[in-house]
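Below is final_5.csv, which holds CSV, C-alpha atoms and all ligand atoms.
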chain,number,residue,atom,x,y,z
A,13,MET,CA,0.0,0.0,0.0
A,14,ALA,CA,1.3,3.5,-0.8
A,15,TRP,CA,1.9,6.0,2.0
A,16,SER,CA,3.2,3.4,4.4
A,17,ILE,CA,6.5,2.6,6.0
A,18,SER,CA,7.9,-0.8,7.1
A,19,LEU,CA,8.5,-1.5,10.8
A,20,GLY,CA,9.8,-5.1,10.6
A,21,THR,CA,8.6,-8.7,10.1
A,22,VAL,CA,6.6,-10.8,12.6
A,23,PHE,CA,5.8,-14.5,11.8
A,24,GLY,CA,6.6,-13.9,8.2
A,25,SER,CA,4.4,-10.9,7.9
A,26,GLU,CA,5.9,-7.4,7.2
A,27,ILE,CA,4.4,-4.9,9.6
A,28,ARG,CA,3.8,-1.6,7.7
A,29,ILE,CA,2.3,1.6,9.2
A,30,HIS,CA,0.2,3.9,7.2
A,31,LEU,CA,1.1,7.5,7.4
A,32,THR,CA,-2.5,8.4,8.4
A,33,PHE,CA,-2.0,6.3,11.5
A,34,LEU,CA,1.0,8.5,12.4
A,35,VAL,CA,-1.3,11.6,11.9
A,36,LEU,CA,-3.7,10.2,14.5
A,37,LEU,CA,-0.8,9.4,16.9
A,38,ALA,CA,0.5,13.0,16.5
A,39,TRP,CA,-3.0,14.4,17.0
A,40,ILE,CA,-3.4,12.5,20.3
A,41,GLY,CA,0.2,13.4,21.4
A,42,ILE,CA,-0.3,17.1,20.8
A,43,ALA,CA,-3.7,17.1,22.4
A,44,GLN,CA,-2.2,15.5,25.5
A,45,TYR,CA,0.7,17.9,25.7
A,46,THR,CA,-1.4,21.1,25.4
A,47,GLN,CA,-3.8,19.9,28.1
A,48,GLY,CA,-1.5,18.2,30.7
A,49,GLY,CA,2.1,18.9,29.8
A,50,ALA,CA,5.0,16.4,29.6
A,51,ALA,CA,3.5,13.8,32.0
A,52,ALA,CA,0.3,13.6,30.1
A,53,ALA,CA,2.2,13.5,26.8
A,54,LEU,CA,4.2,10.5,28.2
A,55,ASP,CA,1.0,8.8,29.2
A,56,GLY,CA,-0.4,9.5,25.8
A,57,VAL,CA,2.6,8.1,24.0
A,58,LEU,CA,2.6,4.9,26.1
A,59,PHE,CA,-1.2,4.5,25.6
A,60,VAL,CA,-0.7,5.0,21.8
A,61,ILE,CA,2.0,2.3,21.8
A,62,ALA,CA,-0.4,-0.1,23.7
A,63,VAL,CA,-3.2,0.6,21.2
A,64,PHE,CA,-0.7,0.0,18.4
A,65,GLY,CA,0.2,-3.3,20.0
A,66,CYS,CA,-3.5,-4.3,20.2
A,67,VAL,CA,-4.0,-3.5,16.5
A,68,VAL,CA,-0.9,-5.6,15.6
A,69,LEU,CA,-2.3,-8.5,17.6
A,70,HIS,CA,-5.7,-8.1,15.9
A,71,GLU,CA,-4.1,-8.3,12.5
A,72,LEU,CA,-1.9,-11.3,13.6
A,73,GLY,CA,-5.2,-12.9,14.6
A,74,HIS,CA,-6.2,-12.7,10.9
A,75,ALA,CA,-2.8,-13.9,9.7
A,76,MET,CA,-2.8,-16.9,12.1
A,77,ALA,CA,-6.3,-17.9,11.0
A,78,ALA,CA,-5.4,-17.6,7.4
A,79,ARG,CA,-2.3,-19.8,8.0
A,80,ARG,CA,-4.7,-22.6,9.1
A,81,TYR,CA,-5.9,-22.6,5.5
A,82,GLY,CA,-2.4,-22.5,4.1
A,83,ILE,CA,-2.6,-18.8,3.2
A,84,ARG,CA,0.4,-16.6,4.0
A,85,THR,CA,0.1,-12.9,4.9
A,86,PRO,CA,3.0,-11.1,3.3
A,87,ASP,CA,2.2,-7.8,5.0
A,88,ILE,CA,0.1,-6.0,7.5
A,89,THR,CA,-0.7,-2.3,7.2
A,90,LEU,CA,-1.8,-0.3,10.3
A,91,LEU,CA,-4.4,2.4,9.7
A,92,PRO,CA,-6.2,4.7,12.2
A,93,ILE,CA,-9.3,2.5,12.1
A,94,GLY,CA,-7.5,-0.8,12.5
A,95,GLY,CA,-5.4,-2.6,10.1
A,96,LEU,CA,-5.3,-4.4,6.8
A,97,ALA,CA,-3.7,-7.9,6.6
A,98,ARG,CA,-3.0,-8.5,3.0
A,99,LEU,CA,-3.4,-12.2,2.3
A,100,GLU,CA,-1.4,-13.9,-0.4
A,101,ARG,CA,-4.6,-15.3,-1.9
A,102,PHE,CA,-8.3,-15.2,-1.2
A,103,PRO,CA,-9.7,-18.0,0.9
A,104,GLU,CA,-11.5,-20.5,-1.4
A,105,LYS,CA,-14.6,-21.1,0.7
A,106,PRO,CA,-16.9,-18.5,2.3
A,107,ILE,CA,-16.6,-20.2,5.7
A,108,GLU,CA,-12.8,-19.8,5.6
A,109,GLU,CA,-13.2,-16.1,4.9
A,110,ILE,CA,-15.6,-15.8,7.8
A,111,VAL,CA,-13.2,-17.5,10.2
A,112,ILE,CA,-10.3,-15.3,9.0
A,113,ALA,CA,-12.4,-12.1,9.3
A,114,LEU,CA,-13.7,-12.9,12.8
A,115,ALA,CA,-10.2,-14.0,14.1
A,116,GLY,CA,-9.1,-10.3,14.3
A,117,PRO,CA,-12.0,-8.9,16.4
A,118,ALA,CA,-11.8,-12.1,18.5
A,119,VAL,CA,-8.3,-11.2,19.6
A,120,ASN,CA,-9.6,-7.8,20.8
A,121,VAL,CA,-12.5,-9.5,22.7
A,122,VAL,CA,-9.8,-11.7,24.4
A,123,ILE,CA,-7.6,-8.6,25.2
A,124,ALA,CA,-10.6,-6.6,26.6
A,125,THR,CA,-11.8,-9.6,28.7
A,126,PHE,CA,-8.3,-10.1,30.1
A,127,LEU,CA,-8.0,-6.4,31.0
A,128,ILE,CA,-11.4,-6.3,32.7
A,129,LEU,CA,-11.5,-9.7,34.4
A,130,VAL,CA,-7.9,-10.3,35.2
A,131,LEU,CA,-6.4,-6.8,35.6
A,132,GLY,CA,-9.6,-5.3,36.9
A,133,ALA,CA,-10.0,-2.5,34.3
A,134,ALA,CA,-13.2,-0.6,34.5
A,135,LEU,CA,-15.7,-1.4,31.8
A,136,ASP,CA,-16.8,2.0,30.5
A,137,ILE,CA,-17.1,2.5,26.8
A,138,THR,CA,-18.0,6.2,27.3
A,139,VAL,CA,-14.4,7.0,27.9
A,140,LEU,CA,-14.0,6.8,24.1
A,141,GLU,CA,-15.8,10.1,23.8
A,142,ALA,CA,-12.7,11.8,25.1
A,143,ILE,CA,-9.9,9.3,24.6
A,144,GLU,CA,-7.3,12.0,25.1
A,145,ASN,CA,-8.6,12.5,28.7
A,146,PRO,CA,-6.3,10.4,31.0
A,147,GLU,CA,-8.7,10.5,33.9
A,148,PRO,CA,-10.4,7.1,33.6
A,149,GLY,CA,-7.1,5.2,33.9
A,150,PHE,CA,-4.8,3.5,31.5
A,151,LEU,CA,-6.3,0.0,31.5
A,152,ALA,CA,-9.9,1.2,31.4
A,153,ARG,CA,-9.1,3.3,28.3
A,154,LEU,CA,-7.2,0.4,26.7
A,155,ALA,CA,-10.2,-2.0,27.4
A,156,ALA,CA,-12.5,0.6,25.8
A,157,VAL,CA,-10.3,0.9,22.8
A,158,ASN,CA,-10.4,-2.9,22.3
A,159,ILE,CA,-14.2,-2.9,22.6
A,160,PHE,CA,-14.3,-0.1,20.0
A,161,LEU,CA,-12.0,-2.1,17.7
A,162,VAL,CA,-14.4,-5.0,17.9
A,163,LEU,CA,-17.5,-2.9,17.3
A,164,PHE,CA,-16.0,-0.8,14.6
A,165,ASN,CA,-14.5,-3.7,12.7
A,166,LEU,CA,-17.8,-5.5,12.7
A,167,ILE,CA,-19.5,-2.7,10.8
A,168,PRO,CA,-20.6,-4.5,7.6
A,169,ALA,CA,-18.5,-2.2,5.3
A,170,PHE,CA,-15.2,-2.7,3.5
A,171,PRO,CA,-12.4,-2.7,4.5
A,172,MET,CA,-13.7,-3.6,8.0
A,173,ASP,CA,-13.9,-7.3,8.9
A,174,GLY,CA,-17.7,-7.0,9.1
A,175,GLY,CA,-17.7,-6.2,5.3
A,176,ARG,CA,-15.8,-9.4,4.7
A,177,VAL,CA,-18.2,-11.4,6.8
A,178,LEU,CA,-21.1,-9.8,4.9
A,179,ARG,CA,-19.4,-10.7,1.5
A,180,ALA,CA,-18.8,-14.3,2.6
A,181,VAL,CA,-22.4,-14.7,3.8
A,182,LEU,CA,-23.6,-13.3,0.4
A,183,ALA,CA,-21.2,-15.7,-1.3
A,184,PHE,CA,-23.1,-18.7,0.0
A,185,ARG,CA,-25.9,-17.7,-2.4
A,186,HIS,CA,-24.2,-15.6,-5.1
A,187,PRO,CA,-21.0,-15.8,-7.2
A,188,ARG,CA,-18.0,-14.3,-5.5
A,189,ALA,CA,-17.7,-11.2,-7.7
A,190,LYS,CA,-21.4,-10.4,-7.4
A,191,ALA,CA,-21.2,-10.9,-3.6
A,192,THR,CA,-18.2,-8.5,-3.4
A,193,HIS,CA,-20.1,-6.0,-5.5
A,194,MET,CA,-23.1,-6.2,-3.3
A,195,ALA,CA,-21.1,-5.9,-0.1
A,196,ALA,CA,-19.1,-3.0,-1.5
A,197,SER,CA,-22.3,-1.2,-2.4
A,198,ILE,CA,-23.6,-1.7,1.1
A,199,GLY,CA,-20.3,-0.4,2.4
A,200,GLN,CA,-20.4,2.7,0.2
A,201,ALA,CA,-24.0,3.4,1.2
A,202,LEU,CA,-22.9,3.2,4.9
A,203,SER,CA,-19.9,5.5,4.2
A,204,PHE,CA,-22.4,8.1,2.9
A,205,GLY,CA,-24.2,7.6,6.2
A,206,PHE,CA,-21.0,8.2,8.2
A,207,GLY,CA,-20.2,11.2,6.1
A,208,PHE,CA,-23.6,12.7,6.6
A,209,LEU,CA,-23.5,12.0,10.3
A,210,GLY,CA,-20.0,13.5,10.5
A,211,LEU,CA,-21.0,16.7,8.7
A,212,MET,CA,-24.2,17.0,10.8
A,213,THR,CA,-22.3,16.6,14.1
A,214,GLY,CA,-19.2,18.4,13.0
A,215,ASN,CA,-17.0,15.3,13.6
A,216,PRO,CA,-14.0,15.3,11.2
A,217,ILE,CA,-13.0,11.8,12.2
A,218,LEU,CA,-16.4,10.4,10.9
A,219,VAL,CA,-15.9,12.3,7.6
A,220,PHE,CA,-12.4,10.9,7.3
A,221,ILE,CA,-13.7,7.4,8.0
A,222,ALA,CA,-16.4,7.9,5.4
A,223,ILE,CA,-14.0,8.9,2.7
A,224,PHE,CA,-11.6,6.0,3.6
A,225,VAL,CA,-14.4,3.4,3.6
A,226,TYR,CA,-15.8,4.7,0.3
A,227,LEU,CA,-12.4,4.5,-1.5
A,228,ALA,CA,-11.5,1.1,0.0
A,229,ALA,CA,-14.8,-0.4,-0.9
A,230,ALA,CA,-14.4,0.7,-4.5
A,231,ALA,CA,-10.8,-0.7,-4.7
A,232,GLU,CA,-11.8,-4.0,-3.2
A,233,SER,CA,-14.7,-4.4,-5.6
A,234,GLY,CA,-12.4,-3.7,-8.6
A,235,SER,CA,-9.5,-5.9,-7.6
A,236,THR,CA,-11.7,-8.9,-6.7
A,237,GLU,CA,-13.4,-8.8,-10.1
A,238,LEU,CA,-10.0,-8.7,-11.7
A,239,MET,CA,-8.7,-11.7,-9.6
A,240,GLN,CA,-11.9,-13.5,-10.6
A,241,LEU,CA,-11.1,-13.0,-14.2
A,242,ALA,CA,-7.4,-13.9,-13.6
A,243,ARG,CA,-8.4,-17.3,-12.5
A,244,ARG,CA,-9.8,-18.1,-15.9
A,245,LEU,CA,-6.8,-16.8,-17.8
A,246,ARG,CA,-3.2,-18.0,-18.5
A,247,VAL,CA,-0.3,-15.8,-17.6
A,248,ASP,CA,0.6,-15.2,-21.3
A,249,ARG,CA,-2.6,-13.1,-21.6
A,250,ALA,CA,-1.1,-10.4,-19.4
A,251,MET,CA,2.7,-10.8,-19.8
A,252,ILE,CA,5.1,-8.3,-21.3
A,253,THR,CA,6.2,-9.7,-24.7
A,254,HIS,CA,8.0,-6.7,-26.2
A,255,PHE,CA,11.2,-6.1,-24.3
A,256,GLU,CA,14.9,-5.7,-24.7
A,257,SER,CA,17.1,-8.3,-23.0
A,258,LEU,CA,20.8,-8.6,-22.2
A,259,GLY,CA,23.2,-11.4,-22.9
A,260,THR,CA,25.3,-13.0,-20.2
A,261,GLY,CA,28.5,-11.3,-21.6
A,262,ALA,CA,27.0,-7.8,-21.3
A,263,THR,CA,28.4,-5.2,-18.8
A,264,VAL,CA,26.5,-2.9,-16.5
A,265,GLY,CA,27.7,0.0,-18.7
A,266,GLN,CA,25.9,-1.5,-21.7
A,267,ALA,CA,22.9,-2.1,-19.6
A,268,ALA,CA,22.9,1.6,-18.6
A,269,ASP,CA,23.0,2.6,-22.3
A,270,LEU,CA,19.9,0.4,-22.8
A,271,LEU,CA,18.2,2.0,-19.8
A,272,ILE,CA,18.6,5.4,-21.4
A,273,GLY,CA,17.7,4.3,-24.9
A,274,THR,CA,14.4,2.5,-23.9
A,275,THR,CA,11.5,3.0,-21.5
A,276,GLN,CA,12.2,-0.2,-19.7
A,277,LYS,CA,13.4,-0.1,-16.1
A,278,GLU,CA,14.4,-3.8,-15.8
A,279,PHE,CA,16.2,-6.1,-18.3
A,280,PRO,CA,16.0,-9.9,-18.4
A,281,VAL,CA,19.5,-11.4,-18.7
A,282,LEU,CA,19.4,-14.4,-21.0
A,283,ASP,CA,22.0,-17.1,-21.8
A,284,GLY,CA,22.6,-18.4,-25.3
A,285,ALA,CA,19.6,-20.8,-25.1
A,286,ASN,CA,17.3,-17.9,-24.1
A,287,ARG,CA,17.1,-19.1,-20.6
A,288,LEU,CA,16.6,-16.5,-17.9
A,289,ARG,CA,19.6,-15.9,-15.6
A,290,GLY,CA,18.0,-13.0,-13.7
A,291,PHE,CA,16.6,-9.5,-13.9
A,292,LEU,CA,18.8,-6.5,-13.9
A,293,THR,CA,16.8,-3.7,-12.3
A,294,ARG,CA,17.5,0.0,-12.5
A,295,ASP,CA,18.3,0.1,-8.8
A,296,ARG,CA,20.8,-2.8,-9.0
A,297,MET,CA,22.3,-1.1,-12.1
A,298,ILE,CA,22.9,2.1,-10.2
A,299,VAL,CA,24.4,0.3,-7.2
A,300,ALA,CA,26.7,-1.6,-9.4
A,301,LEU,CA,27.8,1.5,-11.4
A,302,ARG,CA,28.5,3.4,-8.1
A,303,THR,CA,30.4,0.6,-6.3
A,304,ARG,CA,32.1,-1.3,-9.1
A,305,GLY,CA,32.0,0.8,-12.3
A,306,PRO,CA,30.6,0.3,-15.8
A,307,SER,CA,32.8,-2.7,-16.7
A,308,THR,CA,31.0,-4.9,-14.1
A,309,PRO,CA,29.5,-8.0,-15.8
A,310,VAL,CA,25.7,-8.0,-15.6
A,311,LEU,CA,25.9,-11.5,-14.1
A,312,ASP,CA,27.5,-10.0,-11.0
A,313,ALA,CA,24.7,-7.4,-10.6
A,314,ILE,CA,21.5,-9.5,-11.1
A,315,ASP,CA,19.3,-11.2,-8.6
A,316,PRO,CA,20.7,-14.7,-9.1
A,317,GLU,CA,17.5,-16.7,-8.4
A,318,PRO,CA,14.8,-15.4,-10.7
A,319,ARG,CA,11.4,-17.0,-10.4
A,320,VAL,CA,9.9,-18.5,-13.6
A,321,VAL,CA,6.5,-20.0,-14.3
A,322,PRO,CA,5.4,-22.1,-17.3
A,323,VAL,CA,3.4,-20.2,-20.0
A,324,SER,CA,0.3,-22.4,-19.1
A,325,THR,CA,0.2,-21.0,-15.5
A,326,ARG,CA,-3.0,-19.5,-14.3
A,327,LEU,CA,-2.7,-15.7,-14.1
A,328,ASP,CA,-3.9,-15.5,-10.5
A,329,LYS,CA,-1.3,-18.0,-9.4
A,330,ALA,CA,1.5,-16.0,-11.1
A,331,ILE,CA,0.2,-12.8,-9.5
A,332,GLY,CA,0.1,-14.7,-6.2
A,333,GLU,CA,3.8,-15.7,-6.6
A,334,MET,CA,4.7,-12.1,-7.0
A,335,GLN,CA,3.4,-11.3,-3.5
A,336,ALA,CA,6.5,-13.1,-2.1
A,337,PRO,CA,9.0,-10.6,-0.7
A,338,GLY,CA,11.7,-9.5,-3.3
A,339,THR,CA,9.8,-10.8,-6.3
A,340,PRO,CA,8.9,-7.8,-8.4
A,341,PHE,CA,9.2,-9.9,-11.7
A,342,ILE,CA,8.3,-13.3,-12.8
A,343,GLY,CA,9.7,-14.8,-16.0
A,344,VAL,CA,7.3,-16.8,-18.2
A,345,VAL,CA,9.0,-19.8,-20.0
A,346,ASP,CA,8.0,-22.3,-22.7
A,347,ALA,CA,8.4,-26.0,-22.5
A,348,ASP,CA,12.2,-25.7,-23.3
A,349,GLN,CA,12.6,-23.2,-20.4
A,350,ARG,CA,13.1,-20.4,-22.9
A,351,LEU,CA,11.9,-17.0,-21.8
A,352,VAL,CA,8.9,-15.8,-23.8
A,353,GLY,CA,7.8,-12.9,-21.6
A,354,TYR,CA,7.6,-11.7,-18.0
A,355,ILE,CA,5.1,-10.0,-15.7
A,356,SER,CA,6.0,-7.2,-13.3
A,357,GLN,CA,4.2,-5.7,-10.3
A,358,GLU,CA,4.0,-2.5,-12.5
A,359,ASN,CA,2.3,-4.2,-15.4
A,360,VAL,CA,-0.1,-6.0,-13.1
A,361,ALA,CA,-0.9,-2.7,-11.5
A,362,GLU,CA,-1.5,-1.2,-14.9
A,363,MET,CA,-3.8,-4.1,-15.7
A,364,MET,CA,-5.7,-3.4,-12.5
A,365,MET,CA,-6.2,0.2,-13.6
A,366,LEU,CA,-7.2,-0.5,-17.2
A,367,GLY,CA,-9.2,-3.7,-16.4
A,368,THR,CA,-9.9,-6.4,-19.0
A,369,SER,CA,-9.1,-4.2,-22.0
A,370,ALA,CA,-5.4,-4.4,-21.0
A,371,LEU,CA,-5.2,-8.1,-21.6
A,372,HIS,CA,-3.9,-9.5,-24.9
A,373,PRO,CA,-6.9,-10.4,-27.0
A,374,THR,CA,-5.4,-13.7,-28.1
A,375,PRO,CA,-2.6,-15.8,-26.8
A,376,PRO,CA,0.7,-14.8,-28.4
A,377,ALA,CA,2.2,-17.0,-31.1
A,378,PRO,CA,4.8,-19.5,-30.1
A,379,PRO,CA,8.4,-18.1,-29.9
A,380,GLY,CA,10.4,-18.1,-33.1
A,381,PRO,CA,10.4,-15.7,-36.0
A,382,THR,CA,6.8,-14.8,-35.4
A,383,GLY,CA,7.0,-15.0,-31.6
A,384,PRO,CA,7.5,-12.4,-29.0
A,385,HIS,CA,9.7,-9.5,-29.8
A,386,ILE,CA,12.9,-9.9,-27.7
A,387,ALA,CA,15.7,-7.6,-28.8
A,388,ARG,CA,19.0,-8.9,-27.7
A,389,ARG,CA,22.0,-6.8,-26.7
A,390,ASP,CA,25.2,-8.8,-26.0
A,401,ZN,ZN,-9.5,-7.0,11.2

For the file at hand, write its structure as structure tokens.
Ligand SMILES: [Zn+2]
Amino acid sequence: MAWSISLGTVFGSEIRIHLTFLVLLAWIGIAQYTQGGAAAALDGVLFVIAVFGCVVLHELGHAMAARRYGIRTPDITLLPIGGLARLERFPEKPIEEIVIALAGPAVNVVIATFLILVLGAALDITVLEAIENPEPGFLARLAAVNIFLVLFNLIPAFPMDGGRVLRAVLAFRHPRAKATHMAASIGQALSFGFGFLGLMTGNPILVFIAIFVYLAAAAESGSTELMQLARRLRVDRAMITHFESLGTGATVGQAADLLIGTTQKEFPVLDGANRLRGFLTRDRMIVALRTRGPSTPVLDAIDPEPRVVPVSTRLDKAIGEMQAPGTPFIGVVDADQRLVGYISQENVAEMMMLGTSALHPTPPAPPGPTGPHIARRD
């Protein structure tokens, strides 16, 4: 997700924090300081860290449930209204989606119960009306925040967990794309409700949530329809077939000339039999030029273990493979392991924006004189 920074990796999931989350933290911190000085600011900072921890645990709840069904979670992004655990693929069955969606709020139920029953925190949800007020005590506020996270995430609107449960329930009776569309429409209708309420009551947070929910619902609807389509297509319908490549004897200096002379930002390096040895990216090129100079062989600068998939691979599987960390490109090979094309995160993103019209209308011809255009620079 754009506008987010990485904090590290837990159980194989990269924890990312969305910049709007930091805005919320700053708002709370400043509010605390202006009202109660340094001590209140410290309390505020500790509280914010505790809330942050609860949100991480919520998302890890989703990730752990997904793991039960063999689905990895490459990254988790924290937002002011909770978080988004980005699963490697969609759960196949509606019931799996329901379990994964409910696992997050369930974690907050456990945390709130623990705080109230074991640590004796007061149960008072009204403290949320003035969360920057430290009066009700640290644990009571934390318990209230966890109850809020449960209630908020169960609102049946994307991207909240309640929206996913709604979609899964609808998917028992309707095809997945239609269920997503219906759930997204309900979410968008609710976001108008939030926006209206926010404007009427002069609450900027509600307006912010409304805009966020509206945009997220629209994005979810679009990408699900595309993934649905991708299940029925082979990777060659979406791959890049017109590209320049480098021979194994080429130098980084020659690659740099190619970078300037073309619009490509990455170059497949092919051996004499057209087998992929790796991708030379612009970033790797710049590093090699800076540290070792233009005469560096490209073979020393590439990522040595490129991923390749056969040309018959389903497009959604290939896109799924690209979710693995450090895999911005996937080579597509024919039966003789010769490279016939590749897909990149960028061209998949373009496809998402353009929709089905971006797909090749017919599968490309087999490689050879009439095959993909691969210009070779040795
Ligand atoms: Zn959740």

Next on the checklist: For ligand ZN 401 (chain A), return the neighbouring residues as a list of chain:residue names (distance at most 6 Å; all atoms listed in the file).
Outcome noted: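 Checked against 6 Å with all atoms listed in the file; the hits are A:Glu71, A:Gly116, A:Asp173.
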
Item to check | Contacts of Arg179 (chain A) within 7 Å, only C-alpha atoms, excl. fewer than 6 positions in-chain, as an MDAnalysis selection string | outcome: chainID A and resid 191:192 195

Output file for the selection above: C-alpha atoms, as a compact mmCIF listing (two decimals), keeping the file's coordinate frame:
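Contents of again-v8.txt, as written:
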# COMPACT_ATOMS: atom_id res chain seq x y z
CA ALA A 191 -21.20 -10.90 -3.60
CA THR A 192 -18.20 -8.50 -3.40
CA ALA A 195 -21.10 -5.90 -0.10

Checklist entry - Excluding same-chain residues fewer than 3 positions from Leu99 (chain A), what lies within 12 Å of it counting all atoms listed in the file, as a ChimeraX atom specification? => result /A:24-26,71-72,74-79,81-89,96,102-103,109,112-113,332-333,335-336

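Computed from the coordinates, the CA of Thr303 (chain A) to CA of Ala268 (chain A) distance equals 14.4 Å.
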
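Interatomic distance, CA of Val181 (chain A) to CA of Gly210 (chain A): 29.1 Å.
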
Item to check | Atom-to-atom span, CA of Arg289 (chain A) and CA of Leu301 (chain A), Å | outcome: 19.7 Å

Next on the checklist: Counting all atoms listed in the file, which residue out of A:Ala183, A:Val57, A:Leu209, A:Leu31 sits closest to Phe150 (chain A)?
Outcome noted: A:Val57

Next on the checklist: Using all atoms listed in the file and a cutoff of 8 Å, can you tell me which residues are near (6.2, -12.3, -16.0) in the file's coordinates, and write them out as a list in words?
Outcome noted: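 Selection result: Val247, Met251, Ile252, Val320, Val321, Ala330, Phe341, Ile342, Gly343, Val344, Gly353, Tyr354, Ile355 and Ser356 of chain A.
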
Checklist entry - Restricting the calculation to only C-alpha atoms, which member of A:Leu161, A:Leu182, A:Ala50, A:Leu90 is positioned closest to Leu19 (chain A)? => result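 Using only C-alpha atoms, the shortest distance to Leu19 (chain A) belongs to A:Leu90.
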
Checklist entry - Can you find the residues with an atom no farther than 12 Å from (27.8, -2.0, -10.6), counting all atoms listed in the file, and report them as a list in words? => result Thr263, Val264, Gly265, Gln266, Ala267, Ala268, Leu292, Thr293, Arg294, Asp295, Arg296, Met297, Ile298, Val299, Ala300, Leu301, Arg302, Thr303, Arg304, Gly305, Pro306, Ser307, Thr308, Pro309, Val310, Leu311, Asp312, Ala313 and Ile314 of chain A

Kindly export the residues of the current selection with C-alpha atoms, as a compact mmCIF listing (two decimals), in the frame of the given file.
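Result saved to part_7.txt:
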# COMPACT_ATOMS: atom_id res chain seq x y z
CA THR A 263 28.40 -5.20 -18.80
CA VAL A 264 26.50 -2.90 -16.50
CA GLY A 265 27.70 0.00 -18.70
CA GLN A 266 25.90 -1.50 -21.70
CA ALA A 267 22.90 -2.10 -19.60
CA ALA A 268 22.90 1.60 -18.60
CA LEU A 292 18.80 -6.50 -13.90
CA THR A 293 16.80 -3.70 -12.30
CA ARG A 294 17.50 0.00 -12.50
CA ASP A 295 18.30 0.10 -8.80
CA ARG A 296 20.80 -2.80 -9.00
CA MET A 297 22.30 -1.10 -12.10
CA ILE A 298 22.90 2.10 -10.20
CA VAL A 299 24.40 0.30 -7.20
CA ALA A 300 26.70 -1.60 -9.40
CA LEU A 301 27.80 1.50 -11.40
CA ARG A 302 28.50 3.40 -8.10
CA THR A 303 30.40 0.60 -6.30
CA ARG A 304 32.10 -1.30 -9.10
CA GLY A 305 32.00 0.80 -12.30
CA PRO A 306 30.60 0.30 -15.80
CA SER A 307 32.80 -2.70 -16.70
CA THR A 308 31.00 -4.90 -14.10
CA PRO A 309 29.50 -8.00 -15.80
CA VAL A 310 25.70 -8.00 -15.60
CA LEU A 311 25.90 -11.50 -14.10
CA ASP A 312 27.50 -10.00 -11.00
CA ALA A 313 24.70 -7.40 -10.60
CA ILE A 314 21.50 -9.50 -11.10

Next on the checklist: Need to verify the contact set: Leu127 (chain A), 8 Å, all atoms listed in the file, exclusion of same-chain residues closer than 5 positions in sequence. Can you return it as a count of residues only?
Outcome noted: 5

Checklist entry - Which residue, A:Thr213, A:Gln349, A:Ser197, A:Thr274, has the smallest gap to Leu227 (chain A) when you use all atoms listed in the file? => result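 For Leu227 (chain A), the nearest of the candidates is A:Ser197.
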
Next on the checklist: Using only C-alpha atoms, which protein or nucleic acid residues come within 12 Å of Pro216 (chain A)? Drop anything in the same chain fewer than 6 positions from it, and give the result as an MDAnalysis selection string.
Outcome noted: chainID A and resid 36 206:210 222:223

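Shortest separation to Ser16 (chain A) among A:Lys277, A:Gly49, A:Gly95, A:Asp55 occurs at residue A:Gly95, atoms counted being all atoms listed in the file.
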